[in-house]
Amino acid sequence: MVNAKKQTYAEKVNFLLDNYDTALLVGADNVGSRQFMDIRASIRGDSVVLMGKNTLMRKCISNYAKKSGNDSWNILAEKLVGNVGIIFTKGDLLEVRKKVKQFVVPAPARVGAIAPVEVVVPAGPTGMEPSQTSFFQTLNIATKINKGSIEILNDIVVLKVGDRVSSSAAALLSKMKFTPFEYGLEVVEVYDKGAMYPSAVLDITNETLEKKFMSGVSQIASLSLASGYPTLASVPHSIVNAYKNVLAVSIGTEYTFELAQKVKDYLANPGAFAAAAPAGGAAAGGDSGAKAAAAAVEEEEEEEMDFDLFD
């Protein structure tokens, strides 16, 4: 009977390995059977949850690799340590993770559990009767009686991340009716066609990639301009700077050219361009001419420098 169950399980694993290319390695600490039922129902159609003993799952994957010659799944087998499972999926990985996260449930702090988050009991009224004062005194927690209720005087850090829950901490949180922990399937790593990635890759968006890329382009442009070595990122800036220098020389001398002449004409007779200026320009005083000249320079630059860095 045992061998028959193992054979059936191995056939199921072989079927999944044959028909899926991507999977999520999930931690399953403190996940209840009801949660598993809800998760399986929510992702049914394009995803399958596989749980089992790690040794059995590793053996099934190893035997599959030997028979099929496809050893790409071995990298996932090496990660089967602790209370973990596998979600095989053909759907969008981010969407599958979102569905799994919907079934996270609050839980009390049980004795011996490892705290995944910091737990703080805030100062203030507890709603407990004065007869419970001895309980707080035993835990060395400063309290006072206020309006017939026990009040904690200071915030208390009961647990830090990674702490093991002691009996006194569990008793305090239970007495305060705190359920500080949340438990559910947690995506640990992502398997994709023979490669493993941390789950953080699912949080990377197009905007994140664009910001990283443009930050790199900016740094390359700065280095290129400082060293005088031209690159695709720095050439547009170099041309604009050179144009500004030529324009400045033209304005300061008799030398002129078509684009510079427009700026010279404006500086010589700003009133001729008053009709094109904004309504509030007259109130700007002596600065209006300089600002308008700068705007004219920018306008001419836009006309001449209209090209795409990535063309």
# chains A, B, ... in the order shown; residues from 1 in each chain; ligands from 1
$ residues_around --residues "segment 95-98 of chain A" --least-positions-apart "3" --cutoff "9 Å" --atoms "only C-alpha atoms" --output "VMD selection string"
chain A and resid 24 43 47 89 91 to 92 101 to 102 186 to 187 202
$ residues_around --residues "Ala28 of chain A" --least-positions-apart "6" --cutoff "9 Å" --atoms "only C-alpha atoms" --output "PyMOL selection string"
chain A and resi 82-85+183-186
$ atom_distance --atom1 "atom CA of His237 of chain A" --atom2 "atom CA of Val217 of chain A"
12.2 Å
$ residues_around --residues "Val188 of chain A" --least-positions-apart "6" --cutoff "6 Å" --atoms "only C-alpha atoms" --output "MDAnalysis selection string"
chainID A and resid 25:26 199
$ write_last_selection --atoms "C-alpha atoms" --output "PDB file, in the first residue's frame"
ATOM      1  CA  LEU A  25       8.954  27.636  -3.986  1.00  0.00           C
ATOM      2  CA  VAL A  26       6.792  28.500  -0.970  1.00  0.00           C
ATOM      3  CA  SER A 199      11.028  36.302  -4.881  1.00  0.00           C
TER       4      SER A 199
END
$ closest_residue --among "A:Asp18, A:Gly45, A:Val104, A:Ala23" --to "Leu76 of chain A" --atoms "only C-alpha atoms"
A:Ala23
$ residues_around --residues "segment 105-122 of chain A" --least-positions-apart "4" --cutoff "9 Å" --atoms "only C-alpha atoms" --output "number ranges by chain"
A: 31, 35, 152-171, 173-174, 176-184
$ write_last_selection --atoms "C-alpha atoms" --output "mmCIF file, in the first residue's frame"
data_model
loop_
_atom_site.group_PDB
_atom_site.id
_atom_site.type_symbol
_atom_site.label_atom_id
_atom_site.label_comp_id
_atom_site.auth_asym_id
_atom_site.auth_seq_id
_atom_site.Cartn_x
_atom_site.Cartn_y
_atom_site.Cartn_z
ATOM 1 C CA VAL A 31 -0.360 27.095 7.425
ATOM 2 C CA GLN A 35 -5.838 27.755 4.095
ATOM 3 C CA ILE A 152 0.404 50.719 30.902
ATOM 4 C CA LEU A 153 2.783 53.649 31.372
ATOM 5 C CA ASN A 154 5.335 52.973 28.601
ATOM 6 C CA ASP A 155 5.515 51.175 25.260
ATOM 7 C CA ILE A 156 6.829 47.643 25.728
ATOM 8 C CA VAL A 157 8.832 45.804 23.066
ATOM 9 C CA VAL A 158 7.647 42.269 23.758
ATOM 10 C CA LEU A 159 9.373 40.553 20.831
ATOM 11 C CA LYS A 160 11.968 41.471 18.234
ATOM 12 C CA VAL A 161 12.292 39.853 14.821
ATOM 13 C CA GLY A 162 13.804 36.398 15.246
ATOM 14 C CA ASP A 163 13.035 36.101 18.969
ATOM 15 C CA ARG A 164 11.547 32.882 20.260
ATOM 16 C CA VAL A 165 8.209 33.454 21.994
ATOM 17 C CA SER A 166 8.542 32.825 25.722
ATOM 18 C CA SER A 167 5.724 31.691 27.982
ATOM 19 C CA SER A 168 5.524 35.120 29.646
ATOM 20 C CA ALA A 169 5.383 36.932 26.280
ATOM 21 C CA ALA A 170 2.679 34.547 25.040
ATOM 22 C CA ALA A 171 0.696 35.042 28.258
ATOM 23 C CA LEU A 173 -0.145 38.977 24.389
ATOM 24 C CA SER A 174 -2.950 36.520 25.042
ATOM 25 C CA MET A 176 -4.066 41.701 25.798
ATOM 26 C CA LYS A 177 -5.908 39.774 23.037
ATOM 27 C CA PHE A 178 -3.132 40.494 20.528
ATOM 28 C CA THR A 179 -2.772 38.377 17.388
ATOM 29 C CA PRO A 180 0.519 39.860 16.194
ATOM 30 C CA PHE A 181 1.554 37.245 13.657
ATOM 31 C CA GLU A 182 0.223 36.431 10.198
ATOM 32 C CA TYR A 183 0.626 33.044 8.591
ATOM 33 C CA GLY A 184 0.186 31.887 5.029
#
$ atom_distance --atom1 "atom CA of Ser42 of chain A" --atom2 "atom CA of Lys99 of chain A"
6.8 Å
$ closest_residue --among "A:Phe103, A:Asp46, A:Ala77, A:Val190" --to "Arg58 of chain A" --atoms "only C-alpha atoms"
A:Ala77
$ decode --residues "segment 261-272 of chain A" --atoms "all heavy atoms" --output "PDB file, in the first residue's frame"
ATOM      1  N   GLN A 261      21.144  85.910 -34.417  1.00  0.00           N
ATOM      2  CA  GLN A 261      20.628  87.225 -34.753  1.00  0.00           C
ATOM      3  C   GLN A 261      19.269  87.463 -34.103  1.00  0.00           C
ATOM      4  O   GLN A 261      18.945  88.587 -33.703  1.00  0.00           O
ATOM      5  CB  GLN A 261      20.519  87.377 -36.278  1.00  0.00           C
ATOM      6  CG  GLN A 261      20.206  88.793 -36.731  1.00  0.00           C
ATOM      7  CD  GLN A 261      21.270  89.788 -36.277  1.00  0.00           C
ATOM      8  OE1 GLN A 261      22.473  89.530 -36.424  1.00  0.00           O
ATOM      9  NE2 GLN A 261      20.838  90.911 -35.712  1.00  0.00           N
ATOM     10  N   LYS A 262      18.476  86.406 -33.977  1.00  0.00           N
ATOM     11  CA  LYS A 262      17.168  86.554 -33.328  1.00  0.00           C
ATOM     12  C   LYS A 262      17.327  86.980 -31.877  1.00  0.00           C
ATOM     13  O   LYS A 262      16.587  87.831 -31.377  1.00  0.00           O
ATOM     14  CB  LYS A 262      16.390  85.233 -33.403  1.00  0.00           C
ATOM     15  CG  LYS A 262      15.958  84.851 -34.793  1.00  0.00           C
ATOM     16  CD  LYS A 262      15.143  83.559 -34.746  1.00  0.00           C
ATOM     17  CE  LYS A 262      14.687  83.149 -36.148  1.00  0.00           C
ATOM     18  NZ  LYS A 262      13.888  81.905 -36.127  1.00  0.00           N
ATOM     19  N   VAL A 263      18.306  86.406 -31.204  1.00  0.00           N
ATOM     20  CA  VAL A 263      18.547  86.770 -29.809  1.00  0.00           C
ATOM     21  C   VAL A 263      19.077  88.200 -29.732  1.00  0.00           C
ATOM     22  O   VAL A 263      18.685  88.994 -28.862  1.00  0.00           O
ATOM     23  CB  VAL A 263      19.540  85.784 -29.163  1.00  0.00           C
ATOM     24  CG1 VAL A 263      19.809  86.174 -27.707  1.00  0.00           C
ATOM     25  CG2 VAL A 263      18.992  84.360 -29.221  1.00  0.00           C
ATOM     26  N   LYS A 264      19.993  88.550 -30.659  1.00  0.00           N
ATOM     27  CA  LYS A 264      20.531  89.912 -30.681  1.00  0.00           C
ATOM     28  C   LYS A 264      19.425  90.939 -30.914  1.00  0.00           C
ATOM     29  O   LYS A 264      19.383  91.997 -30.265  1.00  0.00           O
ATOM     30  CB  LYS A 264      21.592  90.029 -31.778  1.00  0.00           C
ATOM     31  CG  LYS A 264      22.921  89.384 -31.440  1.00  0.00           C
ATOM     32  CD  LYS A 264      23.956  89.699 -32.513  1.00  0.00           C
ATOM     33  CE  LYS A 264      25.335  89.220 -32.105  1.00  0.00           C
ATOM     34  NZ  LYS A 264      26.369  89.631 -33.062  1.00  0.00           N
ATOM     35  N   ASP A 265      18.516  90.635 -31.837  1.00  0.00           N
ATOM     36  CA  ASP A 265      17.415  91.548 -32.123  1.00  0.00           C
ATOM     37  C   ASP A 265      16.546  91.751 -30.893  1.00  0.00           C
ATOM     38  O   ASP A 265      16.080  92.861 -30.604  1.00  0.00           O
ATOM     39  CB  ASP A 265      16.567  91.032 -33.284  1.00  0.00           C
ATOM     40  CG  ASP A 265      17.317  91.053 -34.613  1.00  0.00           C
ATOM     41  OD1 ASP A 265      18.343  91.768 -34.692  1.00  0.00           O
ATOM     42  OD2 ASP A 265      16.888  90.355 -35.550  1.00  0.00           O
ATOM     43  N   TYR A 266      16.316  90.673 -30.175  1.00  0.00           N
ATOM     44  CA  TYR A 266      15.485  90.766 -28.974  1.00  0.00           C
ATOM     45  C   TYR A 266      16.153  91.625 -27.908  1.00  0.00           C
ATOM     46  O   TYR A 266      15.524  92.478 -27.281  1.00  0.00           O
ATOM     47  CB  TYR A 266      15.189  89.379 -28.417  1.00  0.00           C
ATOM     48  CG  TYR A 266      14.208  89.406 -27.281  1.00  0.00           C
ATOM     49  CD1 TYR A 266      12.842  89.297 -27.516  1.00  0.00           C
ATOM     50  CD2 TYR A 266      14.639  89.587 -25.968  1.00  0.00           C
ATOM     51  CE1 TYR A 266      11.921  89.353 -26.481  1.00  0.00           C
ATOM     52  CE2 TYR A 266      13.733  89.647 -24.924  1.00  0.00           C
ATOM     53  CZ  TYR A 266      12.374  89.528 -25.191  1.00  0.00           C
ATOM     54  OH  TYR A 266      11.474  89.603 -24.178  1.00  0.00           O
ATOM     55  N   LEU A 267      17.456  91.377 -27.690  1.00  0.00           N
ATOM     56  CA  LEU A 267      18.181  92.155 -26.696  1.00  0.00           C
ATOM     57  C   LEU A 267      18.270  93.627 -27.088  1.00  0.00           C
ATOM     58  O   LEU A 267      18.264  94.515 -26.225  1.00  0.00           O
ATOM     59  CB  LEU A 267      19.591  91.577 -26.507  1.00  0.00           C
ATOM     60  CG  LEU A 267      19.654  90.174 -25.892  1.00  0.00           C
ATOM     61  CD1 LEU A 267      21.088  89.667 -25.880  1.00  0.00           C
ATOM     62  CD2 LEU A 267      19.085  90.164 -24.487  1.00  0.00           C
ATOM     63  N   ALA A 268      18.352  93.897 -28.387  1.00  0.00           N
ATOM     64  CA  ALA A 268      18.450  95.286 -28.856  1.00  0.00           C
ATOM     65  C   ALA A 268      17.125  96.025 -28.719  1.00  0.00           C
ATOM     66  O   ALA A 268      17.095  97.232 -28.438  1.00  0.00           O
ATOM     67  CB  ALA A 268      18.921  95.305 -30.307  1.00  0.00           C
ATOM     68  N   ASN A 269      16.003  95.342 -28.911  1.00  0.00           N
ATOM     69  CA  ASN A 269      14.705  95.996 -28.863  1.00  0.00           C
ATOM     70  C   ASN A 269      13.660  95.069 -28.249  1.00  0.00           C
ATOM     71  O   ASN A 269      12.824  94.496 -28.950  1.00  0.00           O
ATOM     72  CB  ASN A 269      14.292  96.426 -30.272  1.00  0.00           C
ATOM     73  CG  ASN A 269      13.011  97.249 -30.271  1.00  0.00           C
ATOM     74  OD1 ASN A 269      12.564  97.741 -29.228  1.00  0.00           O
ATOM     75  ND2 ASN A 269      12.410  97.410 -31.446  1.00  0.00           N
ATOM     76  N   PRO A 270      13.690  94.866 -26.913  1.00  0.00           N
ATOM     77  CA  PRO A 270      12.735  93.957 -26.261  1.00  0.00           C
ATOM     78  C   PRO A 270      11.293  94.370 -26.467  1.00  0.00           C
ATOM     79  O   PRO A 270      10.399  93.530 -26.494  1.00  0.00           O
ATOM     80  CB  PRO A 270      13.120  94.046 -24.781  1.00  0.00           C
ATOM     81  CG  PRO A 270      14.510  94.589 -24.768  1.00  0.00           C
ATOM     82  CD  PRO A 270      14.622  95.477 -25.961  1.00  0.00           C
ATOM     83  N   GLY A 271      11.059  95.691 -26.608  1.00  0.00           N
ATOM     84  CA  GLY A 271       9.689  96.165 -26.752  1.00  0.00           C
ATOM     85  C   GLY A 271       9.006  95.638 -27.987  1.00  0.00           C
ATOM     86  O   GLY A 271       7.782  95.497 -28.026  1.00  0.00           O
ATOM     87  N   ALA A 272       9.784  95.326 -29.013  1.00  0.00           N
ATOM     88  CA  ALA A 272       9.200  94.823 -30.256  1.00  0.00           C
ATOM     89  C   ALA A 272       8.578  93.447 -30.052  1.00  0.00           C
ATOM     90  O   ALA A 272       7.743  93.007 -30.839  1.00  0.00           O
ATOM     91  CB  ALA A 272      10.260  94.772 -31.350  1.00  0.00           C
TER      92      ALA A 272
END
